[in-house]
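Notes follow the structure.
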Amino acid sequence: MIPKPFEPIKNLEIGQIIEVDGTHVIAELDPNIEELSRVFGGEIYQIGQFGSIIKIHQGRKTIYAYVSRLRMKSEYEKEQGIKNEGNNDGRILEADLFGEAEWYSKSNGTDNNWVLAFERGVSQFPLPQQKIYLTPSNELKFIYGGEKKSSIILGKHVGSANTPCVANLNELIGKHTAILGSTGSGKSGTVAAILHSILDYGRDSQLDNWNPQIIILDPHNEYSKSFPSGSKFSTDKGNLILPYWLLSLEELINLIIGRTEFVATSQANIVKNALLTSRKEAAKSIQIDGEKINVDSPIPFAWAKFIEGVDSQRPSGKDKKEQEPYNNILNKLETLRRDARLSFLMNEWNSQEDSISEIITQFINKNYSIAIIDLQGIPNEVAGICSAVICRTLFNFKVWETAEEREHNPILIVCEEAHRYVPNRGDAQYFAAQNAIRRIAKEGRKYGIGLVLVSQRPSEVESTVLSQCNSWIILRLTNDTDREYVKGILPDSLSGLSKVLSGLRRREAVFVGQAAMLPSRIQIRYLSDDMLPESKDIKFDEGWQKKTIEKSKIAEVVLRWRYQNKITADKKDA
């Protein structure tokens, strides 16, 4: 006779409860257990692993708990003030109750067509001396959401018989996710695994059309190798279109005047008036009514007209102090325009061309699902502004779409090394990026923009932005400050999971939040080498076996350095 799924399985029994304190349960392991694992149905189940799940039977209902601690009984008795008599090598398992479920059959119990109805929370509590059991994989699949629609596979649960870990796609993307971990923990591999799973979702679900739109802000040029079918845009290749006229008033003030010094209201007004005048003048060239635009409207304008607009506001006298604000603006503008590294941004606008659609098509394009924005060649002092322009442009485009249009083309922005662009401090060069990404974090879900923030230093990421993430994938963290910061994310009943953050293996993570059916410890899915981002780690043992660089090669490198261009620096006209 085939056993019912709600009946206890003797081989998975591992001990009995000795204490119940609210949702916290303490149990003593069976003294006959010699190995901390059991085999059932051809699968191996580990006993006592952080984040693994045990169960307690209550008739047809089952109560589930996370394992949070495993220790010696003598230590427990000492803590409780119980006198230890003789050698006591018993072992104590501690767990936190988190949910309950009940089996029901779709066929009136006549076959094995059973379904587990799981719910978070506990309505009834176990009693001391009740048995505890390991949870078989067929139940874990229901608990972890393996049967849910709109889910992608992230990897597998650790200590749970390799049960697949799935994430709700809409929650993961639509309500923002943070991926955190120290250098070498596997952050970039985790990002790649998620994006590959998103791309594979259409095939796995047998969808006729599947057209994700994903933009990666890639500061280290890592992801081109992982997604060769994606489109790469970079200043080195000269194919990243990011013109100065796309900047907002605030971004232009930040670029020309800066925020490291006191910005006088008069200087800001000079820039504002010149910008509005030059936009209105250029609007005629592209058949736009200049009287209906404002200073932040994405209207191209010529630097010559902007300079005229600044000069037209000069006072008529020759007082140097009165002339100084105007001279400072124009001198800084001239310096920026002569900087070869900024040619992609500062080159003069062709007065007849309206390229706004071409700019947006870089990021939202039916011909490819992933657009990789290589920020490696962008000077650090303007990297924040460039990130801001990209994010703000996409956000504003979505704002001005109709509700129906937004439903047809939601987009995902992956912000690698987020602490570089949205740091938890007020540096002037990051001000624009902080504002742009903060707005997406707060309002993006309404307009169909998802955000994935990736960082090795969560304590240094802008706190407002991180607080808007509703799902977290936390890999190994070795820094005490970062671990304490992350500990506050976890529910009190799961604080035990934070203890393993410093000891997680590469590709292991704690997955919590709305995209996770349950908080759990997982191992990110395996990717072949060609699917992984390009590693930038230099192998000294291999490098030192090769010939030392020759003088002629040094000259080539220096030329690239001088021209600030990795591709065309060898050309005299670069």
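Identifiers in this document derive from the order of the structure tokens: chains are assigned A, B, ..., residues are numbered from 1 separately in each chain, and ligands are numbered from 1 in order of occurrence.
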
Inset, instruction - Find the spatial neighbours of range 239-256 of chain A, counting only C-alpha atoms, within a cut-off of 7 Å - ignore same-chain residues fewer than 5 positions away - and output them as a ChimeraX atom specification. - result: /A:233-234,268,271-272,295-296,298-301,329,332-333,344-346,359,385,389,432

Legend entry - Proximity to Trp114 in chain A - best of A:Ser552, A:Phe40, A:Phe6, A:Ile411, only C-alpha atoms: A:Phe6

Can you tell me, as a PDB file with N, CA and C atoms, in the first residue's frame, which residues in range 56-206 of chain A count as alpha helix (DSSP H) by DSSP?
```pdb
ATOM      1  N   LYS A  73      24.448  19.124  23.947  1.00  0.00           N
ATOM      2  CA  LYS A  73      23.450  19.220  25.008  1.00  0.00           C
ATOM      3  C   LYS A  73      24.062  19.751  26.296  1.00  0.00           C
ATOM      4  N   SER A  74      25.322  19.424  26.546  1.00  0.00           N
ATOM      5  CA  SER A  74      25.986  19.909  27.764  1.00  0.00           C
ATOM      6  C   SER A  74      26.051  21.433  27.778  1.00  0.00           C
ATOM      7  N   GLU A  75      26.277  22.036  26.604  1.00  0.00           N
ATOM      8  CA  GLU A  75      26.314  23.494  26.502  1.00  0.00           C
ATOM      9  C   GLU A  75      24.932  24.089  26.777  1.00  0.00           C
ATOM     10  N   TYR A  76      23.906  23.427  26.254  1.00  0.00           N
ATOM     11  CA  TYR A  76      22.533  23.885  26.474  1.00  0.00           C
ATOM     12  C   TYR A  76      22.163  23.795  27.953  1.00  0.00           C
ATOM     13  N   GLU A  77      22.523  22.673  28.582  1.00  0.00           N
ATOM     14  CA  GLU A  77      22.187  22.494  29.996  1.00  0.00           C
ATOM     15  C   GLU A  77      22.926  23.496  30.877  1.00  0.00           C
ATOM     16  N   LYS A  78      24.155  23.801  30.516  1.00  0.00           N
ATOM     17  CA  LYS A  78      24.917  24.796  31.276  1.00  0.00           C
ATOM     18  C   LYS A  78      24.250  26.160  31.172  1.00  0.00           C
ATOM     19  N   GLU A  79      23.786  26.490  29.975  1.00  0.00           N
ATOM     20  CA  GLU A  79      23.097  27.765  29.754  1.00  0.00           C
ATOM     21  C   GLU A  79      21.810  27.832  30.571  1.00  0.00           C
ATOM     22  N   GLN A  80      21.131  26.687  30.720  1.00  0.00           N
ATOM     23  CA  GLN A  80      19.868  26.632  31.463  1.00  0.00           C
ATOM     24  C   GLN A  80      20.072  26.470  32.967  1.00  0.00           C
ATOM     25  N   SER A 137      12.098  16.134  -0.454  1.00  0.00           N
ATOM     26  CA  SER A 137      12.167  17.107  -1.544  1.00  0.00           C
ATOM     27  C   SER A 137      10.821  17.370  -2.200  1.00  0.00           C
ATOM     28  N   ASN A 138       9.917  16.371  -2.214  1.00  0.00           N
ATOM     29  CA  ASN A 138       8.616  16.612  -2.849  1.00  0.00           C
ATOM     30  C   ASN A 138       7.815  17.676  -2.101  1.00  0.00           C
ATOM     31  N   GLU A 139       8.043  17.800  -0.785  1.00  0.00           N
ATOM     32  CA  GLU A 139       7.388  18.864  -0.019  1.00  0.00           C
ATOM     33  C   GLU A 139       8.125  20.187  -0.177  1.00  0.00           C
ATOM     34  N   LEU A 140       9.458  20.126  -0.216  1.00  0.00           N
ATOM     35  CA  LEU A 140      10.248  21.346  -0.340  1.00  0.00           C
ATOM     36  C   LEU A 140       9.917  22.092  -1.625  1.00  0.00           C
ATOM     37  N   LYS A 141       9.594  21.364  -2.691  1.00  0.00           N
ATOM     38  CA  LYS A 141       9.269  22.015  -3.954  1.00  0.00           C
ATOM     39  C   LYS A 141       8.023  22.878  -3.820  1.00  0.00           C
ATOM     40  N   PHE A 142       7.048  22.420  -3.034  1.00  0.00           N
ATOM     41  CA  PHE A 142       5.851  23.227  -2.793  1.00  0.00           C
ATOM     42  C   PHE A 142       6.179  24.418  -1.894  1.00  0.00           C
ATOM     43  N   ILE A 143       6.959  24.166  -0.834  1.00  0.00           N
ATOM     44  CA  ILE A 143       7.283  25.218   0.128  1.00  0.00           C
ATOM     45  C   ILE A 143       8.093  26.328  -0.522  1.00  0.00           C
ATOM     46  N   LEU A 169       9.634  36.127 -10.900  1.00  0.00           N
ATOM     47  CA  LEU A 169      10.258  37.051 -11.845  1.00  0.00           C
ATOM     48  C   LEU A 169       9.767  38.485 -11.657  1.00  0.00           C
ATOM     49  N   ASN A 170       8.459  38.647 -11.501  1.00  0.00           N
ATOM     50  CA  ASN A 170       7.899  39.992 -11.369  1.00  0.00           C
ATOM     51  C   ASN A 170       8.337  40.670 -10.076  1.00  0.00           C
ATOM     52  N   GLU A 171       8.427  39.889  -9.002  1.00  0.00           N
ATOM     53  CA  GLU A 171       8.867  40.462  -7.722  1.00  0.00           C
ATOM     54  C   GLU A 171      10.360  40.770  -7.763  1.00  0.00           C
ATOM     55  N   LEU A 172      11.129  39.887  -8.379  1.00  0.00           N
ATOM     56  CA  LEU A 172      12.579  40.049  -8.422  1.00  0.00           C
ATOM     57  C   LEU A 172      12.970  41.305  -9.190  1.00  0.00           C
ATOM     58  N   ILE A 173      12.309  41.541 -10.309  1.00  0.00           N
ATOM     59  CA  ILE A 173      12.669  42.665 -11.165  1.00  0.00           C
ATOM     60  C   ILE A 173      11.834  43.902 -10.847  1.00  0.00           C
ATOM     61  N   GLY A 174      10.538  43.713 -10.799  1.00  0.00           N
ATOM     62  CA  GLY A 174       9.642  44.862 -10.666  1.00  0.00           C
ATOM     63  C   GLY A 174       9.771  45.602  -9.356  1.00  0.00           C
ATOM     64  N   LYS A 187      29.591  37.704  -7.197  1.00  0.00           N
ATOM     65  CA  LYS A 187      28.515  38.658  -7.512  1.00  0.00           C
ATOM     66  C   LYS A 187      28.225  38.706  -9.007  1.00  0.00           C
ATOM     67  N   SER A 188      29.280  38.912  -9.801  1.00  0.00           N
ATOM     68  CA  SER A 188      29.069  39.037 -11.247  1.00  0.00           C
ATOM     69  C   SER A 188      28.509  37.743 -11.830  1.00  0.00           C
ATOM     70  N   GLY A 189      28.973  36.599 -11.320  1.00  0.00           N
ATOM     71  CA  GLY A 189      28.426  35.318 -11.758  1.00  0.00           C
ATOM     72  C   GLY A 189      26.961  35.179 -11.396  1.00  0.00           C
ATOM     73  N   THR A 190      26.585  35.735 -10.232  1.00  0.00           N
ATOM     74  CA  THR A 190      25.181  35.704  -9.810  1.00  0.00           C
ATOM     75  C   THR A 190      24.332  36.560 -10.733  1.00  0.00           C
ATOM     76  N   VAL A 191      24.833  37.753 -11.074  1.00  0.00           N
ATOM     77  CA  VAL A 191      24.107  38.615 -12.016  1.00  0.00           C
ATOM     78  C   VAL A 191      23.930  37.892 -13.346  1.00  0.00           C
ATOM     79  N   ALA A 192      25.007  37.279 -13.838  1.00  0.00           N
ATOM     80  CA  ALA A 192      24.930  36.559 -15.111  1.00  0.00           C
ATOM     81  C   ALA A 192      23.938  35.408 -15.032  1.00  0.00           C
ATOM     82  N   ALA A 193      23.930  34.689 -13.897  1.00  0.00           N
ATOM     83  CA  ALA A 193      23.009  33.559 -13.744  1.00  0.00           C
ATOM     84  C   ALA A 193      21.559  34.037 -13.800  1.00  0.00           C
ATOM     85  N   ILE A 194      21.270  35.145 -13.139  1.00  0.00           N
ATOM     86  CA  ILE A 194      19.907  35.695 -13.155  1.00  0.00           C
ATOM     87  C   ILE A 194      19.518  36.114 -14.569  1.00  0.00           C
ATOM     88  N   LEU A 195      20.409  36.826 -15.246  1.00  0.00           N
ATOM     89  CA  LEU A 195      20.079  37.310 -16.587  1.00  0.00           C
ATOM     90  C   LEU A 195      19.942  36.166 -17.585  1.00  0.00           C
ATOM     91  N   HIS A 196      20.797  35.140 -17.479  1.00  0.00           N
ATOM     92  CA  HIS A 196      20.649  33.969 -18.354  1.00  0.00           C
ATOM     93  C   HIS A 196      19.310  33.267 -18.076  1.00  0.00           C
ATOM     94  N   SER A 197      18.925  33.196 -16.805  1.00  0.00           N
ATOM     95  CA  SER A 197      17.642  32.565 -16.466  1.00  0.00           C
ATOM     96  C   SER A 197      16.472  33.361 -17.036  1.00  0.00           C
ATOM     97  N   ILE A 198      16.607  34.689 -17.030  1.00  0.00           N
ATOM     98  CA  ILE A 198      15.561  35.534 -17.617  1.00  0.00           C
ATOM     99  C   ILE A 198      15.478  35.291 -19.126  1.00  0.00           C
ATOM    100  N   LEU A 199      16.629  35.236 -19.785  1.00  0.00           N
ATOM    101  CA  LEU A 199      16.634  34.997 -21.231  1.00  0.00           C
ATOM    102  C   LEU A 199      16.079  33.614 -21.567  1.00  0.00           C
ATOM    103  N   ASP A 200      16.373  32.628 -20.702  1.00  0.00           N
ATOM    104  CA  ASP A 200      15.923  31.250 -20.944  1.00  0.00           C
ATOM    105  C   ASP A 200      14.442  31.042 -20.628  1.00  0.00           C
ATOM    106  N   TYR A 201      13.861  31.965 -19.888  1.00  0.00           N
ATOM    107  CA  TYR A 201      12.478  31.790 -19.436  1.00  0.00           C
ATOM    108  C   TYR A 201      11.512  31.611 -20.609  1.00  0.00           C
ATOM    109  N   GLY A 202      11.698  32.401 -21.652  1.00  0.00           N
ATOM    110  CA  GLY A 202      10.801  32.293 -22.813  1.00  0.00           C
ATOM    111  C   GLY A 202      10.864  30.926 -23.450  1.00  0.00           C
ATOM    112  N   ARG A 203      12.097  30.389 -23.602  1.00  0.00           N
ATOM    113  CA  ARG A 203      12.255  29.052 -24.184  1.00  0.00           C
ATOM    114  C   ARG A 203      11.685  27.987 -23.262  1.00  0.00           C
ATOM    115  N   ASP A 204      12.022  28.071 -21.963  1.00  0.00           N
ATOM    116  CA  ASP A 204      11.563  27.060 -21.013  1.00  0.00           C
ATOM    117  C   ASP A 204      10.048  27.061 -20.859  1.00  0.00           C
TER     118      ASP A 204
END
```

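Each of A:Val422, A:Leu207, A:Ala302, A:Leu475 was compared to Lys280 in chain A using only C-alpha atoms, and A:Ala302 turns out to be the nearest.
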
Inset, instruction - If you run DSSP over the backbone, which residues in range 99-279 of chain A end up strand (DSSP E or B)? Put them as a PyMOL selection string. - result: chain A and resi 99-105+114-120+131-134+151-157+164-168+177-180+214-218+231-234

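Each of A:Val382, A:Pro136, A:Gln16, A:Gln124 was checked against Tyr45 in chain A using only C-alpha atoms; the smallest atom-to-atom distance is that of A:Pro136.
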
Inset, instruction - Find the spatial neighbours of Cys469 in chain A, counting only C-alpha atoms, within a cut-off of 9 Å - ignore same-chain residues fewer than 5 positions away - and output them as a list in words. - result: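 These residues fall inside the cut-off: Lys175, His176, Thr177, Ala178, Ala441, Leu451, Val452, Leu453 and Gly513 of chain A.
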
Go ahead and write the residues just picked, N, CA, C and O atoms, as a PDB file, in the first residue's frame.
```pdb
ATOM      1  N   LYS A 175      10.179  44.909  -8.302  1.00  0.00           N
ATOM      2  CA  LYS A 175      10.286  45.567  -6.990  1.00  0.00           C
ATOM      3  C   LYS A 175      11.735  45.678  -6.522  1.00  0.00           C
ATOM      4  O   LYS A 175      11.995  45.847  -5.343  1.00  0.00           O
ATOM      5  N   HIS A 176      12.655  45.560  -7.456  1.00  0.00           N
ATOM      6  CA  HIS A 176      14.076  45.833  -7.247  1.00  0.00           C
ATOM      7  C   HIS A 176      14.765  44.792  -6.361  1.00  0.00           C
ATOM      8  O   HIS A 176      14.181  44.274  -5.411  1.00  0.00           O
ATOM      9  N   THR A 177      16.008  44.533  -6.704  1.00  0.00           N
ATOM     10  CA  THR A 177      16.811  43.517  -6.001  1.00  0.00           C
ATOM     11  C   THR A 177      18.216  44.049  -5.761  1.00  0.00           C
ATOM     12  O   THR A 177      18.775  44.750  -6.610  1.00  0.00           O
ATOM     13  N   ALA A 178      18.788  43.700  -4.612  1.00  0.00           N
ATOM     14  CA  ALA A 178      20.178  44.023  -4.308  1.00  0.00           C
ATOM     15  C   ALA A 178      20.979  42.725  -4.273  1.00  0.00           C
ATOM     16  O   ALA A 178      20.545  41.741  -3.660  1.00  0.00           O
ATOM     17  N   ALA A 441      14.459  53.942  -7.997  1.00  0.00           N
ATOM     18  CA  ALA A 441      14.222  53.040  -6.867  1.00  0.00           C
ATOM     19  C   ALA A 441      12.885  53.326  -6.207  1.00  0.00           C
ATOM     20  O   ALA A 441      12.164  52.411  -5.806  1.00  0.00           O
ATOM     21  N   LEU A 451      15.148  47.514 -11.126  1.00  0.00           N
ATOM     22  CA  LEU A 451      16.513  47.889 -10.770  1.00  0.00           C
ATOM     23  C   LEU A 451      17.184  46.740 -10.036  1.00  0.00           C
ATOM     24  O   LEU A 451      16.609  46.166  -9.102  1.00  0.00           O
ATOM     25  N   VAL A 452      18.398  46.395 -10.469  1.00  0.00           N
ATOM     26  CA  VAL A 452      19.236  45.443  -9.732  1.00  0.00           C
ATOM     27  C   VAL A 452      20.510  46.176  -9.339  1.00  0.00           C
ATOM     28  O   VAL A 452      21.264  46.640 -10.204  1.00  0.00           O
ATOM     29  N   LEU A 453      20.734  46.324  -8.035  1.00  0.00           N
ATOM     30  CA  LEU A 453      21.923  46.991  -7.521  1.00  0.00           C
ATOM     31  C   LEU A 453      22.935  45.933  -7.101  1.00  0.00           C
ATOM     32  O   LEU A 453      22.597  45.006  -6.374  1.00  0.00           O
ATOM     33  N   GLY A 513      13.440  38.082   0.827  1.00  0.00           N
ATOM     34  CA  GLY A 513      12.633  39.141   0.234  1.00  0.00           C
ATOM     35  C   GLY A 513      11.406  38.619  -0.480  1.00  0.00           C
ATOM     36  O   GLY A 513      11.078  37.432  -0.443  1.00  0.00           O
TER      37      GLY A 513
END
```

Legend entry - Coordinates-based distance that separates CA of Ile53 in chain A from CA of Thr481 in chain A (Å, one decimal):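 CA of Ile53 in chain A lies at a distance of 29.0 Å from CA of Thr481 in chain A.
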
Inset, instruction - Do a neighbour search on Ser520 in chain A at 7 Å with only C-alpha atoms, toss out local chain neighbours closer than 4 positions, and write the hits as a list in words. - result: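 Using only C-alpha atoms, the neighbours found are Gly51, Val510, Phe511 and Val512 of chain A.
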
Write out, as an mmCIF file, in the first residue's frame, the residues just selected, with C-alpha atoms.
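Output saved as selection-v4.cif:
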```cif
data_model
loop_
_atom_site.group_PDB
_atom_site.id
_atom_site.type_symbol
_atom_site.label_atom_id
_atom_site.label_comp_id
_atom_site.auth_asym_id
_atom_site.auth_seq_id
_atom_site.Cartn_x
_atom_site.Cartn_y
_atom_site.Cartn_z
ATOM 1 C CA GLY A 51 18.529 27.330 6.808
ATOM 2 C CA VAL A 510 21.297 33.950 1.489
ATOM 3 C CA PHE A 511 18.162 34.774 -0.542
ATOM 4 C CA VAL A 512 15.467 36.820 1.198
#
```

Legend entry - Spatial neighbours of Gly90 in chain A, 9 Å, only C-alpha atoms, chain gap at least 3 places, as a PyMOL selection string: chain A and resi 28-31+71-74

Legend entry - From A:Arg507, A:Lys539, A:Arg439, A:Arg457, residue lying nearest Val486 in chain A [only C-alpha atoms]: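 Answer, going by the shortest atom-to-atom distance: A:Arg457.
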
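Between Val158 in chain A and the residues A:Ser285, A:Ile378, A:Gln46, A:Arg38, the shortest atom-to-atom distance, using only C-alpha atoms, involves A:Gln46.
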
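Residue nearest Lys284 in chain A, chosen from A:Ser182, A:Gln362, A:Ser369, A:Gln352 and counting only C-alpha atoms: A:Gln352.
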
Legend entry - range 304-307 of chain A surroundings by only C-alpha atoms, 12 Å radius, close-in-sequence under 6 positions cut, as a PyMOL selection string: chain A and resi 244-245+252+270-282+313-314+326-327+329-334+337+347-351

May I have the residues from that selection written out with C-alpha atoms, as an mmCIF file, in the first residue's frame?
```cif
data_model
loop_
_atom_site.group_PDB
_atom_site.id
_atom_site.type_symbol
_atom_site.label_atom_id
_atom_site.label_comp_id
_atom_site.auth_asym_id
_atom_site.auth_seq_id
_atom_site.Cartn_x
_atom_site.Cartn_y
_atom_site.Cartn_z
ATOM 1 C CA TYR A 244 25.653 67.022 -23.707
ATOM 2 C CA TRP A 245 22.252 68.416 -24.683
ATOM 3 C CA LEU A 252 24.710 70.728 -16.515
ATOM 4 C CA ILE A 270 23.143 82.332 -15.770
ATOM 5 C CA VAL A 271 23.309 78.689 -16.866
ATOM 6 C CA LYS A 272 19.530 78.282 -16.635
ATOM 7 C CA ASN A 273 18.764 81.326 -18.793
ATOM 8 C CA ALA A 274 21.405 80.447 -21.382
ATOM 9 C CA LEU A 275 20.210 76.840 -21.548
ATOM 10 C CA LEU A 276 16.541 77.746 -21.990
ATOM 11 C CA THR A 277 17.353 80.340 -24.654
ATOM 12 C CA SER A 278 19.569 77.969 -26.641
ATOM 13 C CA ARG A 279 17.019 75.128 -26.428
ATOM 14 C CA LYS A 280 14.240 77.415 -27.680
ATOM 15 C CA GLU A 281 16.425 78.608 -30.527
ATOM 16 C CA ALA A 282 17.323 75.039 -31.594
ATOM 17 C CA GLN A 313 23.590 88.353 -19.661
ATOM 18 C CA ARG A 314 26.916 90.079 -18.880
ATOM 19 C CA TYR A 326 30.447 84.579 -16.536
ATOM 20 C CA ASN A 327 34.138 84.035 -17.197
ATOM 21 C CA ILE A 329 31.380 79.348 -16.606
ATOM 22 C CA LEU A 330 32.857 79.859 -20.067
ATOM 23 C CA ASN A 331 36.393 78.945 -19.019
ATOM 24 C CA LYS A 332 35.188 75.684 -17.448
ATOM 25 C CA LEU A 333 33.109 74.933 -20.540
ATOM 26 C CA GLU A 334 36.121 75.507 -22.779
ATOM 27 C CA ARG A 337 35.268 70.802 -24.632
ATOM 28 C CA ASN A 347 31.115 67.252 -29.368
ATOM 29 C CA GLU A 348 29.085 70.011 -31.027
ATOM 30 C CA TRP A 349 25.541 69.206 -32.127
ATOM 31 C CA ASN A 350 24.764 69.061 -35.839
ATOM 32 C CA SER A 351 22.175 71.813 -36.027
#
```
